[in-house]
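Engineer: Before I ask anything, let me first share the structure, which is written out below as structure tokens.
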Amino acid sequence: MIIQSLAFYLFSIVAVASAVMVISARNPVHSVLFLILAFFNSAGLFVLLGAEFLAMILVVVYVGAVAVLFMFVVMMLDINFTALREGFLQYLPLGGLIGLVLLLELAVILGGWIIAPGAAERAAAPTPAIDSVNNTEALGQLIYTNYIYFFQAAGMVLLVAMIGAIVLTHRSRPGVRKQKISEQVAREDSIEMRDMPSGGGI
Amino acid sequence: MAEFWTGYAWPAIWIGLQVVAIIIPLLLCVAYLVYAERKVIAAIHLRRGPNVVGPYGLLQPIADGMKLFFKETVIPTGANRGVFIIAPVLTFTLALIAWAVIPVGDGLVIADINVGILYLFAISSLGVYGILMAGWASNSKYAFLGGLRSAAQMVSYEVSMGFIIISVLLVVGSLNLSDIVNAQRHIWFVIPLFPMAVIFFVSTLAETNRHPFDLPEAEAELVSGYNVEYSSMAFALFFLGEYANMILMSAMTTILFLGGWLPPFNVAPFTWIPGPIWFAAKIAFCLFIFLWVRATFPRYRYDQLMRLGWKVFLPISLAAVVIVGGVVLAFDIQSLVK
Amino acid sequence: MPDLVPALPEIFLAVMSMALLMAGVFQKEENAGRSVSYLAIATLVVTIAIVGVVADGRASTFGGAFVTDGFAVYVKVLILIATAAAVLMSREYLERHGIFRFEFPVLMVLAALGMLMMVSANDLISLYLGIELQSLSLYVIASFQRDTTRSAEAGLKYFVLGALSSGLLLYGISLVYGFSGSTNFDALAQLFQAGQSPLGVTVGIVFIIAGLAFKVSAVPFHMWTPDVYEGAPTPVTAFFAVAPKIAAMALFVRVMVGAFGDLGDQWQQVIIFISIASMVLGAFAAINQTNIKRLMAYSSIGHMGYALIGLAVAGGAGNAEARADGVSGILIYLAIYMFMNIGAFACILQMRRNGRMVEGIGDLAGLSKSNPAMAVVLATFMFSMAGIPPLAGFFGKLYIFLAAIEAELFALAIIGVLASVVGAFYYLRIVKVMYFDAPEEGFDGPVSMEMKAVLVVTGVVTLFFFVWPLPILAGAGLATAALLPG
């Protein structure tokens, strides 16, 4: 258990610290790199919880795809972020006030938090018994049955996002000569095949 | 105290030994893969290749390593030091830690985790960061362009790789690598899933930035791409990382399609040879194709590369998921391979 | 296998949207837009038929996340009509501006799908997913004219503020879930039967109200509306002003009455506040507008304020009859609002001079001389929006105010009447400009067939609603009975 606890504290401390660095780093590329580190450590926390599938998906999707594109964009941007931050102090009082209000609200709410009596038992007994299936199967069984509607609806949302990205950015340029690879490959008049003796010439 | 030894110390030492047992041969393989590459390409070009240092040039990789080791590490003035140094280390580390889940024989694996193939996929998708970071931190336009090209290329081909992996998973019904290999004891997946195996292999070429998809390095236009500013050990780490990645990708191809450590036929002369040897032989075969392709094909143009990834491989692999899924469901394949 | 029959209209629409996408892709670019847009209208009409056929009491499916009942059917029909009309009206404009790409009708259909999902949502998660599907499509079509900065700005503004409101909504949803342990409306309603809830749920409800108020563009979450209405292409504005408003309002009613109905005393004041603020701001801010699309934006803010009176009434504990009248008041108001707005925007879409769209109110000057027919029609809609009897708009307001008086919310009713008096000023100003100002050059003609059809239908409904109000009244009655049984 000691190793698990140590790993937990390691992952959490690194995750929190890198999350702080994301917003405080001066260089935006460093921010993205710290964000990736935060994702990575969250994946570690998932592993400790026994949710290895979620951990891997977090790495594959967020670190391996989303953050790459993010980094891509940030690297290409030519924005002076320190100049953008100059107004920071000006907005600090208002922003701080809103933050404080939200914090107080959370405190008030958490003060009134009552853990439901059956909650611990329900958490201890996940829907399919944990020893009969691994957590990939368990997730699959829930997503494709109870939550199929949400799953499909989320799919539609992604479809719209895809159509939107294409509609808003795709430009078909007139007068571009398209390469037709099949025609090139099928071309025979200018190609001649000959058998060559090894080590010889034509 | 006894608890400390039995509970923590021995397991830690044992794991350490296992790690060493994987990494030392791996690094040797990487070194001799470079040698093999030069020899194979030389043979295809009707040349002799390295033959001066040691018998048949066998000490050439060691000489090369020594040279790089004793050179000075140059960090350009405008470079972002931290990121510049982390990038090659990251590339190299990622190529090594993936081996934690690779089963080299029946039960011969450091961590036999449930989601092994996802772990491999996740690690291979992280490889892009080393290159992107190197390209950005070098503060040089060649390196930056190389990094961007590489990132776009790896992200594109990862998509179809992911779908191919899913179609294999549908057949096996498990994400565990040992299960995937064991499911191939009747027939290697390369036969029923031949088109997918081809796409997967070509995608691994793109994923490792190898020829004919080596646009990130394209020496004619980008000098050497993302690693142009690197020298000495930092360069060596990139170099080792790239070749270790080739071996890793060959291992992945072997596990997914060539039956891992299983012999081709389950009869006497074949079964005498132990599993790890078979595994190594298959990896060597895949690596040979890597080299063969390099010597044979000209480099793709960038738009052709993207076209191939998004307009050819992606639709085919998507269709493959649907078709394989349908067949698996209709004929209850999963219970056949269990 | 969940029962798919109740969700048949949505499934049909989803499948058809993908089929339309394919139909558009595999066609010559020149005629893809036109044919896909007709196909989209046909799809929407067929969906109305399916909605009608499937309607059979209350049915829920997908583990209670999706419900269809009289209320859903009534609102769905309104949404589908509004969407079909918007697709019909957009063709001419888009062709003229050279942006008629087939994705436009497809995105409209997808937005309609999102709205139907919102209306049928019986779970906080399906509520959120429906809203996202709808909003995402709307963000894209707001900036559909991507080469003009105003349209791009409208889309971006809408997107950023919409994302913020989704954040508020999700925050509220997570609080409600955290303190009640369920996201299902039926379960929530049962849990709060006694009219008591933990503090966290109350805070959550306030956040949910804030998120939804953004979607119906009620004050103080209205800031995006004028800019987005002005910047978006005019047919898109016409669509924004109608279908999403109806869907969001229906969803608002469903969440508040369906899930938190017994907690009325906790959220009623909030609704009263945003209702009053919307009515007052809608009335006063519109006075100074010179751009007719901005004017319509403030007008829609005001109208949402009136509709929210009904919701405030429905939140009153006790008097069941008044609550029912409040809900049916909203539904009648929404139906009438839909017809008036579609008609008004069909007129605005005709404001074209020398091949370019004009949007100033001053451009309408002397319309009675240059195009008397259109002047009469537009005047009808303006009188109706102002609430002059015997036009439809008057009855919409009447039912709402009656419900408010019945629930003894006198302040709300009085402020509502005063606000509509102020509002009448700017509606009538348009009529004055058309009839008494020195004539400007006439608009480009001729009016296309489909526009004429839209104008005639909406005009007839607005003008002669009082002759045969039964279909809308009966529909609203059935819908209310479904939402508030007993």
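Quick note on naming: the chains in the structure tokens go A, B, ... in the order shown, residues restart at 1 in each chain, and ligands are numbered from 1 in order of appearance.
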Per residue of stretch 266-288 of chain B within 12 Å of stretch 22-32 of chain B, what are the shortest atom pair and its distance in Å to one decimal, counting only C-alpha atoms, with rows by chain and residue number, as a tab-separated table?

Structural biologist:
```
residue	atom	partner	partner_atom	distance
B:Pro276	CA	B:Ile22	CA	11.8
B:Ala280	CA	B:Cys29	CA	10.2
B:Ile283	CA	B:Cys29	CA	10.8
B:Ala284	CA	B:Cys29	CA	9.8
B:Leu287	CA	B:Val30	CA	11.0
```

Engineer: Hey, what's within 10 Å of C:Ala111 if we count only C-alpha atoms and toss same-chain stuff fewer than 3 positions away? As a list in words, please?

Structural biologist: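 So, after excluding close chain neighbours, the residues are Val160 of chain A; Thr83, Pro105, Val106, Leu107, Met108, Gly114, Met115, Leu116, Met117, Gly130, Ile131, Glu132, Leu133, Gln134, Ser135, Leu136, Ser137, Leu138, Ile141, Ala243 and Pro244 of chain C.
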
Engineer: Just all heavy atoms for this one: save the residues we selected as a compact mmCIF listing (two decimals), in the first residue's frame.

Structural biologist:
```
# COMPACT_ATOMS: atom_id res chain seq x y z
N VAL A 160 -21.58 17.22 -36.28
CA VAL A 160 -21.82 18.63 -36.58
C VAL A 160 -20.51 19.41 -36.49
O VAL A 160 -20.23 20.27 -37.34
CB VAL A 160 -22.86 19.22 -35.61
CG1 VAL A 160 -22.93 20.72 -35.76
CG2 VAL A 160 -24.21 18.61 -35.86
N THR C 83 -38.48 25.46 -38.90
CA THR C 83 -37.24 25.11 -39.61
C THR C 83 -37.49 24.99 -41.10
O THR C 83 -36.71 25.50 -41.92
CB THR C 83 -36.67 23.79 -39.06
OG1 THR C 83 -36.64 23.87 -37.65
CG2 THR C 83 -35.29 23.54 -39.58
N PRO C 105 -28.60 23.57 -45.61
CA PRO C 105 -29.80 22.85 -45.17
C PRO C 105 -29.49 21.67 -44.26
O PRO C 105 -30.28 21.38 -43.34
CB PRO C 105 -30.44 22.39 -46.49
CG PRO C 105 -29.46 22.65 -47.55
CD PRO C 105 -28.53 23.69 -47.08
N VAL C 106 -28.35 21.02 -44.49
CA VAL C 106 -28.01 19.87 -43.63
C VAL C 106 -27.83 20.34 -42.18
O VAL C 106 -28.34 19.72 -41.23
CB VAL C 106 -26.73 19.18 -44.13
CG1 VAL C 106 -26.30 18.11 -43.15
CG2 VAL C 106 -26.95 18.58 -45.49
N LEU C 107 -27.15 21.47 -42.03
CA LEU C 107 -26.95 21.99 -40.66
C LEU C 107 -28.26 22.42 -40.05
O LEU C 107 -28.47 22.27 -38.84
CB LEU C 107 -25.96 23.15 -40.69
CG LEU C 107 -24.50 22.73 -40.86
CD1 LEU C 107 -23.64 23.93 -41.19
CD2 LEU C 107 -24.00 22.06 -39.60
N MET C 108 -29.16 22.96 -40.88
CA MET C 108 -30.49 23.33 -40.35
C MET C 108 -31.20 22.08 -39.84
O MET C 108 -31.81 22.09 -38.77
CB MET C 108 -31.34 23.97 -41.45
CG MET C 108 -30.79 25.25 -41.97
SD MET C 108 -31.24 26.63 -40.93
CE MET C 108 -32.37 27.48 -41.97
N GLY C 114 -31.36 18.64 -32.97
CA GLY C 114 -30.98 19.02 -31.61
C GLY C 114 -32.16 19.60 -30.85
O GLY C 114 -32.36 19.31 -29.67
N MET C 115 -32.96 20.40 -31.53
CA MET C 115 -34.10 21.01 -30.84
C MET C 115 -35.13 19.95 -30.44
O MET C 115 -35.68 20.01 -29.35
CB MET C 115 -34.75 22.04 -31.76
CG MET C 115 -33.88 23.25 -31.95
SD MET C 115 -34.70 24.39 -33.05
CE MET C 115 -33.36 24.85 -34.08
N LEU C 116 -35.37 18.99 -31.34
CA LEU C 116 -36.31 17.93 -30.98
C LEU C 116 -35.79 17.16 -29.77
O LEU C 116 -36.55 16.78 -28.87
CB LEU C 116 -36.52 16.95 -32.14
CG LEU C 116 -37.08 17.47 -33.45
CD1 LEU C 116 -37.64 16.30 -34.26
CD2 LEU C 116 -38.15 18.49 -33.24
N MET C 117 -34.48 16.95 -29.74
CA MET C 117 -33.91 16.24 -28.59
C MET C 117 -34.06 17.05 -27.32
O MET C 117 -34.30 16.51 -26.25
CB MET C 117 -32.43 15.94 -28.85
CG MET C 117 -32.23 14.76 -29.80
SD MET C 117 -30.57 14.67 -30.43
CE MET C 117 -29.63 14.61 -28.94
N GLY C 130 -28.73 17.74 -26.27
CA GLY C 130 -29.62 18.37 -27.25
C GLY C 130 -29.22 19.81 -27.47
O GLY C 130 -29.10 20.28 -28.61
N ILE C 131 -28.99 20.53 -26.38
CA ILE C 131 -28.61 21.94 -26.50
C ILE C 131 -27.32 22.08 -27.28
O ILE C 131 -27.19 22.94 -28.15
CB ILE C 131 -28.45 22.57 -25.10
CG1 ILE C 131 -29.82 22.77 -24.48
CG2 ILE C 131 -27.73 23.90 -25.19
CD1 ILE C 131 -29.77 23.49 -23.17
N GLU C 132 -26.35 21.21 -26.99
CA GLU C 132 -25.07 21.33 -27.68
C GLU C 132 -25.22 21.06 -29.17
O GLU C 132 -24.65 21.77 -29.99
CB GLU C 132 -24.06 20.35 -27.09
CG GLU C 132 -23.39 20.85 -25.85
CD GLU C 132 -22.77 22.23 -26.02
OE1 GLU C 132 -21.77 22.35 -26.75
OE2 GLU C 132 -23.28 23.19 -25.44
N LEU C 133 -25.99 20.03 -29.51
CA LEU C 133 -26.18 19.71 -30.92
C LEU C 133 -26.81 20.90 -31.64
O LEU C 133 -26.36 21.32 -32.71
CB LEU C 133 -27.06 18.47 -31.05
CG LEU C 133 -27.32 17.96 -32.46
CD1 LEU C 133 -26.01 17.73 -33.18
CD2 LEU C 133 -28.12 16.69 -32.43
N GLN C 134 -27.83 21.46 -31.01
CA GLN C 134 -28.50 22.61 -31.59
C GLN C 134 -27.54 23.79 -31.72
O GLN C 134 -27.38 24.37 -32.79
CB GLN C 134 -29.69 22.98 -30.70
CG GLN C 134 -30.45 24.15 -31.21
CD GLN C 134 -30.62 25.23 -30.16
OE1 GLN C 134 -31.55 25.96 -30.20
NE2 GLN C 134 -29.73 25.32 -29.22
N SER C 135 -26.88 24.13 -30.61
CA SER C 135 -26.07 25.35 -30.63
C SER C 135 -24.91 25.23 -31.59
O SER C 135 -24.59 26.18 -32.29
CB SER C 135 -25.50 25.67 -29.25
OG SER C 135 -26.36 25.29 -28.26
N LEU C 136 -24.29 24.05 -31.62
CA LEU C 136 -23.12 23.91 -32.49
C LEU C 136 -23.52 24.15 -33.95
O LEU C 136 -22.81 24.82 -34.68
CB LEU C 136 -22.53 22.51 -32.30
CG LEU C 136 -21.03 22.39 -32.49
CD1 LEU C 136 -20.31 23.38 -31.63
CD2 LEU C 136 -20.58 20.99 -32.14
N SER C 137 -24.67 23.60 -34.34
CA SER C 137 -25.12 23.84 -35.71
C SER C 137 -25.38 25.33 -35.91
O SER C 137 -25.06 25.89 -36.96
CB SER C 137 -26.41 23.07 -36.00
OG SER C 137 -26.36 21.81 -35.44
N LEU C 138 -25.97 25.98 -34.88
CA LEU C 138 -26.29 27.39 -35.04
C LEU C 138 -25.03 28.25 -35.14
O LEU C 138 -24.98 29.20 -35.91
CB LEU C 138 -27.16 27.87 -33.88
CG LEU C 138 -28.53 27.22 -33.76
CD1 LEU C 138 -29.35 27.89 -32.69
CD2 LEU C 138 -29.27 27.28 -35.08
N ILE C 141 -23.90 28.02 -38.73
CA ILE C 141 -24.66 28.75 -39.76
C ILE C 141 -24.67 30.24 -39.48
O ILE C 141 -24.90 31.02 -40.39
CB ILE C 141 -26.09 28.20 -39.98
CG1 ILE C 141 -26.86 28.10 -38.71
CG2 ILE C 141 -26.06 26.89 -40.68
CD1 ILE C 141 -28.27 27.62 -38.95
N ALA C 243 -37.10 29.19 -34.28
CA ALA C 243 -37.05 27.80 -33.84
C ALA C 243 -36.25 27.60 -32.54
O ALA C 243 -36.76 26.98 -31.59
CB ALA C 243 -36.52 26.93 -34.95
N PRO C 244 -35.01 28.10 -32.44
CA PRO C 244 -34.26 27.84 -31.20
C PRO C 244 -34.93 28.45 -29.99
O PRO C 244 -34.87 27.90 -28.89
CB PRO C 244 -32.91 28.52 -31.46
CG PRO C 244 -32.81 28.72 -32.91
CD PRO C 244 -34.20 28.88 -33.40
```

Engineer: Which residues of chain A come within 6 Å of chain C, and what is each one's closest atom pair and distance in Å (one decimal), counting only C-alpha atoms, sorted by chain and residue number, as CSV?

Structural biologist:
```
residue,atom,partner,partner_atom,distance
A:Ile109,CA,C:Gly200,CA,5.2
A:Val157,CA,C:Leu133,CA,4.9
A:Gly164,CA,C:Val140,CA,5.5
```

Engineer: Just the selected residues (all heavy atoms), exported as a JSON list (two decimals), in the first residue's frame, please.

Structural biologist:
```
[["chain", "number", "residue", "atom", "x", "y", "z"],
["A", 109, "ILE", "N", -22.07, 25.32, -0.10],
["A", 109, "ILE", "CA", -22.70, 24.09, -0.58],
["A", 109, "ILE", "C", -22.08, 22.88, 0.08],
["A", 109, "ILE", "O", -22.77, 21.99, 0.58],
["A", 109, "ILE", "CB", -22.55, 24.00, -2.10],
["A", 109, "ILE", "CG1", -23.41, 25.07, -2.76],
["A", 109, "ILE", "CG2", -22.94, 22.65, -2.60],
["A", 109, "ILE", "CD1", -22.99, 25.34, -4.16],
["A", 157, "VAL", "N", -23.20, 15.25, -32.21],
["A", 157, "VAL", "CA", -22.54, 16.53, -31.92],
["A", 157, "VAL", "C", -21.19, 16.58, -32.62],
["A", 157, "VAL", "O", -20.83, 17.59, -33.24],
["A", 157, "VAL", "CB", -22.38, 16.73, -30.40],
["A", 157, "VAL", "CG1", -21.56, 17.97, -30.11],
["A", 157, "VAL", "CG2", -23.74, 16.83, -29.73],
["A", 164, "GLY", "N", -19.03, 21.51, -39.49],
["A", 164, "GLY", "CA", -18.77, 22.92, -39.26],
["A", 164, "GLY", "C", -17.36, 23.30, -39.63],
["A", 164, "GLY", "O", -17.12, 24.30, -40.31]]
```

Engineer: Residues of chain A classed as alpha helix (DSSP H) by DSSP on the backbone are to be reported as a CSV table (one decimal) with C-alpha atoms, in the first residue's frame.

Structural biologist:
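Result file follows (selection.csv):
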```csv
chain,number,residue,atom,x,y,z
A,2,ILE,CA,2.9,2.4,0.7
A,3,ILE,CA,3.9,2.3,-2.9
A,4,GLN,CA,0.4,3.1,-4.0
A,5,SER,CA,0.2,6.0,-1.6
A,6,LEU,CA,3.6,7.3,-2.7
A,7,ALA,CA,2.5,7.0,-6.4
A,8,PHE,CA,-0.7,8.8,-5.6
A,9,TYR,CA,1.0,11.7,-4.0
A,10,LEU,CA,3.6,11.9,-6.7
A,11,PHE,CA,1.0,12.0,-9.5
A,12,SER,CA,-1.3,14.4,-7.7
A,13,ILE,CA,1.5,16.8,-6.7
A,14,VAL,CA,2.9,16.8,-10.2
A,15,ALA,CA,-0.6,17.2,-11.7
A,16,VAL,CA,-1.5,20.1,-9.5
A,17,ALA,CA,1.9,21.8,-9.9
A,18,SER,CA,1.8,21.5,-13.7
A,19,ALA,CA,-1.7,22.8,-13.7
A,20,VAL,CA,-0.5,25.9,-11.9
A,21,MET,CA,2.3,26.2,-14.3
A,22,VAL,CA,-0.1,26.0,-17.3
A,23,ILE,CA,-1.6,29.3,-16.2
A,24,SER,CA,1.6,30.9,-14.9
A,28,PRO,CA,2.6,29.6,-24.2
A,29,VAL,CA,4.4,26.5,-25.6
A,30,HIS,CA,5.6,25.8,-22.1
A,31,SER,CA,2.0,26.1,-20.9
A,32,VAL,CA,0.9,23.4,-23.4
A,33,LEU,CA,3.7,21.2,-22.4
A,34,PHE,CA,2.7,21.5,-18.7
A,35,LEU,CA,-0.9,20.8,-19.7
A,36,ILE,CA,0.3,17.6,-21.3
A,37,LEU,CA,2.2,16.7,-18.1
A,38,ALA,CA,-1.0,17.4,-16.1
A,39,PHE,CA,-3.0,15.1,-18.5
A,40,PHE,CA,-0.3,12.4,-18.1
A,41,ASN,CA,-0.4,12.5,-14.4
A,42,SER,CA,-4.2,12.4,-14.3
A,43,ALA,CA,-3.9,9.2,-16.4
A,44,GLY,CA,-1.6,7.9,-13.7
A,45,LEU,CA,-4.2,8.6,-11.1
A,46,PHE,CA,-6.8,6.7,-13.2
A,47,VAL,CA,-4.4,3.7,-13.2
A,48,LEU,CA,-4.2,3.9,-9.5
A,52,GLU,CA,-6.7,1.5,-16.8
A,53,PHE,CA,-8.9,1.8,-19.9
A,54,LEU,CA,-9.8,5.4,-19.1
A,55,ALA,CA,-6.2,6.1,-18.3
A,56,MET,CA,-5.0,4.9,-21.7
A,57,ILE,CA,-7.8,6.6,-23.6
A,67,ALA,CA,-2.8,18.4,-27.3
A,68,VAL,CA,-0.7,17.8,-30.4
A,69,LEU,CA,-3.0,19.9,-32.5
A,70,PHE,CA,-3.1,22.4,-29.7
A,71,MET,CA,0.6,22.7,-29.6
A,72,PHE,CA,0.7,22.9,-33.3
A,73,VAL,CA,-1.5,26.0,-33.2
A,74,VAL,CA,0.3,27.6,-30.3
A,75,MET,CA,3.7,27.1,-31.9
A,76,MET,CA,2.5,28.8,-35.1
A,81,PHE,CA,1.5,36.8,-24.5
A,82,THR,CA,3.2,39.1,-22.0
A,83,ALA,CA,1.6,42.0,-23.8
A,84,LEU,CA,-1.7,40.3,-23.5
A,88,PHE,CA,-4.1,41.4,-16.0
A,89,LEU,CA,-3.8,43.6,-12.9
A,90,GLN,CA,-6.6,45.8,-14.1
A,91,TYR,CA,-9.1,42.9,-14.2
A,92,LEU,CA,-7.7,41.3,-11.1
A,93,PRO,CA,-10.1,42.9,-8.6
A,94,LEU,CA,-13.2,41.9,-10.6
A,95,GLY,CA,-11.9,38.5,-11.5
A,96,GLY,CA,-10.8,37.9,-7.9
A,97,LEU,CA,-14.2,39.0,-6.7
A,98,ILE,CA,-16.0,36.5,-9.0
A,99,GLY,CA,-13.6,33.8,-8.0
A,100,LEU,CA,-14.2,34.6,-4.3
A,101,VAL,CA,-18.0,34.5,-4.7
A,102,LEU,CA,-17.7,31.1,-6.5
A,103,LEU,CA,-15.4,29.8,-3.8
A,104,LEU,CA,-17.8,31.0,-1.0
A,105,GLU,CA,-20.7,29.3,-2.9
A,106,LEU,CA,-18.8,26.1,-3.1
A,107,ALA,CA,-17.9,26.4,0.6
A,108,VAL,CA,-21.6,27.0,1.6
A,109,ILE,CA,-22.7,24.1,-0.6
A,110,LEU,CA,-20.1,21.7,0.7
A,111,GLY,CA,-21.0,22.7,4.2
A,119,ALA,CA,-23.6,5.7,-1.6
A,120,ALA,CA,-20.7,3.7,-0.2
A,121,GLU,CA,-22.4,0.4,-0.9
A,122,ARG,CA,-23.3,1.4,-4.4
A,123,ALA,CA,-19.8,2.5,-5.2
A,124,ALA,CA,-18.5,-0.8,-3.8
A,135,ASN,CA,-13.2,-2.4,-16.8
A,136,THR,CA,-13.0,-2.1,-20.6
A,137,GLU,CA,-15.9,-4.6,-20.9
A,138,ALA,CA,-17.8,-3.0,-18.0
A,139,LEU,CA,-17.7,0.4,-19.7
A,140,GLY,CA,-18.7,-1.1,-23.0
A,141,GLN,CA,-21.6,-2.9,-21.5
A,142,LEU,CA,-22.9,0.3,-20.0
A,143,ILE,CA,-22.3,2.6,-22.9
A,148,ILE,CA,-26.7,4.3,-25.9
A,149,TYR,CA,-28.8,7.4,-26.4
A,150,PHE,CA,-26.2,9.8,-24.9
A,151,PHE,CA,-23.5,7.9,-26.8
A,152,GLN,CA,-25.2,8.4,-30.2
A,153,ALA,CA,-26.2,12.0,-29.4
A,154,ALA,CA,-22.6,12.8,-28.6
A,155,GLY,CA,-21.7,11.2,-31.9
A,156,MET,CA,-24.1,13.6,-33.7
A,157,VAL,CA,-22.5,16.5,-31.9
A,158,LEU,CA,-19.2,15.4,-33.2
A,159,LEU,CA,-20.6,15.1,-36.7
A,160,VAL,CA,-21.8,18.6,-36.6
A,161,ALA,CA,-18.4,19.8,-35.4
A,162,MET,CA,-16.8,18.1,-38.3
A,163,ILE,CA,-19.2,19.5,-40.8
A,164,GLY,CA,-18.8,22.9,-39.3
A,165,ALA,CA,-15.0,22.8,-39.5
A,166,ILE,CA,-15.2,21.9,-43.2
A,167,VAL,CA,-17.9,24.4,-44.0
A,168,LEU,CA,-16.0,27.3,-42.3
A,169,THR,CA,-12.5,26.6,-43.6
A,181,ILE,CA,-2.8,8.6,-59.5
A,182,SER,CA,-4.7,5.7,-61.0
A,183,GLU,CA,-4.2,7.2,-64.5
A,184,GLN,CA,-0.6,7.7,-63.9
A,185,VAL,CA,-0.1,4.2,-62.7
A,186,ALA,CA,-2.2,2.8,-65.6
```

Engineer: Within 10 Å of B:Thr296, counting only C-alpha atoms, which residues qualify if same-chain residues fewer than 4 places away don't, as a list in words?

Structural biologist: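 Counting only the stated atoms, we get Ile41, Ile44, His45, His211, Pro212, Leu291 and Trp292 of chain B.
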
Engineer: Can those selected residues be exported to a file as a PDB file, in the first residue's frame so that it contains N, CA and C atoms?

Structural biologist:
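Here's the written file selection33.pdb:
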```
ATOM      1  N   ILE B  41      21.305  -2.096 -47.551  1.00  0.00           N
ATOM      2  CA  ILE B  41      21.153  -1.129 -48.631  1.00  0.00           C
ATOM      3  C   ILE B  41      22.341  -1.196 -49.576  1.00  0.00           C
ATOM      4  N   ILE B  44      21.771  -4.004 -51.903  1.00  0.00           N
ATOM      5  CA  ILE B  44      20.788  -3.677 -52.931  1.00  0.00           C
ATOM      6  C   ILE B  44      21.385  -2.716 -53.957  1.00  0.00           C
ATOM      7  N   HIS B  45      22.266  -1.836 -53.493  1.00  0.00           N
ATOM      8  CA  HIS B  45      22.924  -0.893 -54.400  1.00  0.00           C
ATOM      9  C   HIS B  45      24.139  -1.501 -55.091  1.00  0.00           C
ATOM     10  N   HIS B 211      11.446   6.019 -44.651  1.00  0.00           N
ATOM     11  CA  HIS B 211      11.192   6.067 -46.081  1.00  0.00           C
ATOM     12  C   HIS B 211      10.035   5.148 -46.392  1.00  0.00           C
ATOM     13  N   PRO B 212       9.187   5.443 -47.359  1.00  0.00           N
ATOM     14  CA  PRO B 212       9.227   6.633 -48.219  1.00  0.00           C
ATOM     15  C   PRO B 212       8.504   7.834 -47.608  1.00  0.00           C
ATOM     16  N   LEU B 291      13.992  -1.856 -44.322  1.00  0.00           N
ATOM     17  CA  LEU B 291      15.209  -1.466 -45.035  1.00  0.00           C
ATOM     18  C   LEU B 291      15.026  -1.599 -46.543  1.00  0.00           C
ATOM     19  N   TRP B 292      14.372  -2.657 -46.920  1.00  0.00           N
ATOM     20  CA  TRP B 292      14.123  -2.940 -48.326  1.00  0.00           C
ATOM     21  C   TRP B 292      13.327  -1.790 -48.949  1.00  0.00           C
TER      22      TRP B 292
END
```

Engineer: Counting only C-alpha atoms, which residues from chain A have an atom at most 6 Å from any atom of chain B, and could you show them as a list in words?

Structural biologist: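 Output check: Val59, Val60 and Gly64 of chain A.
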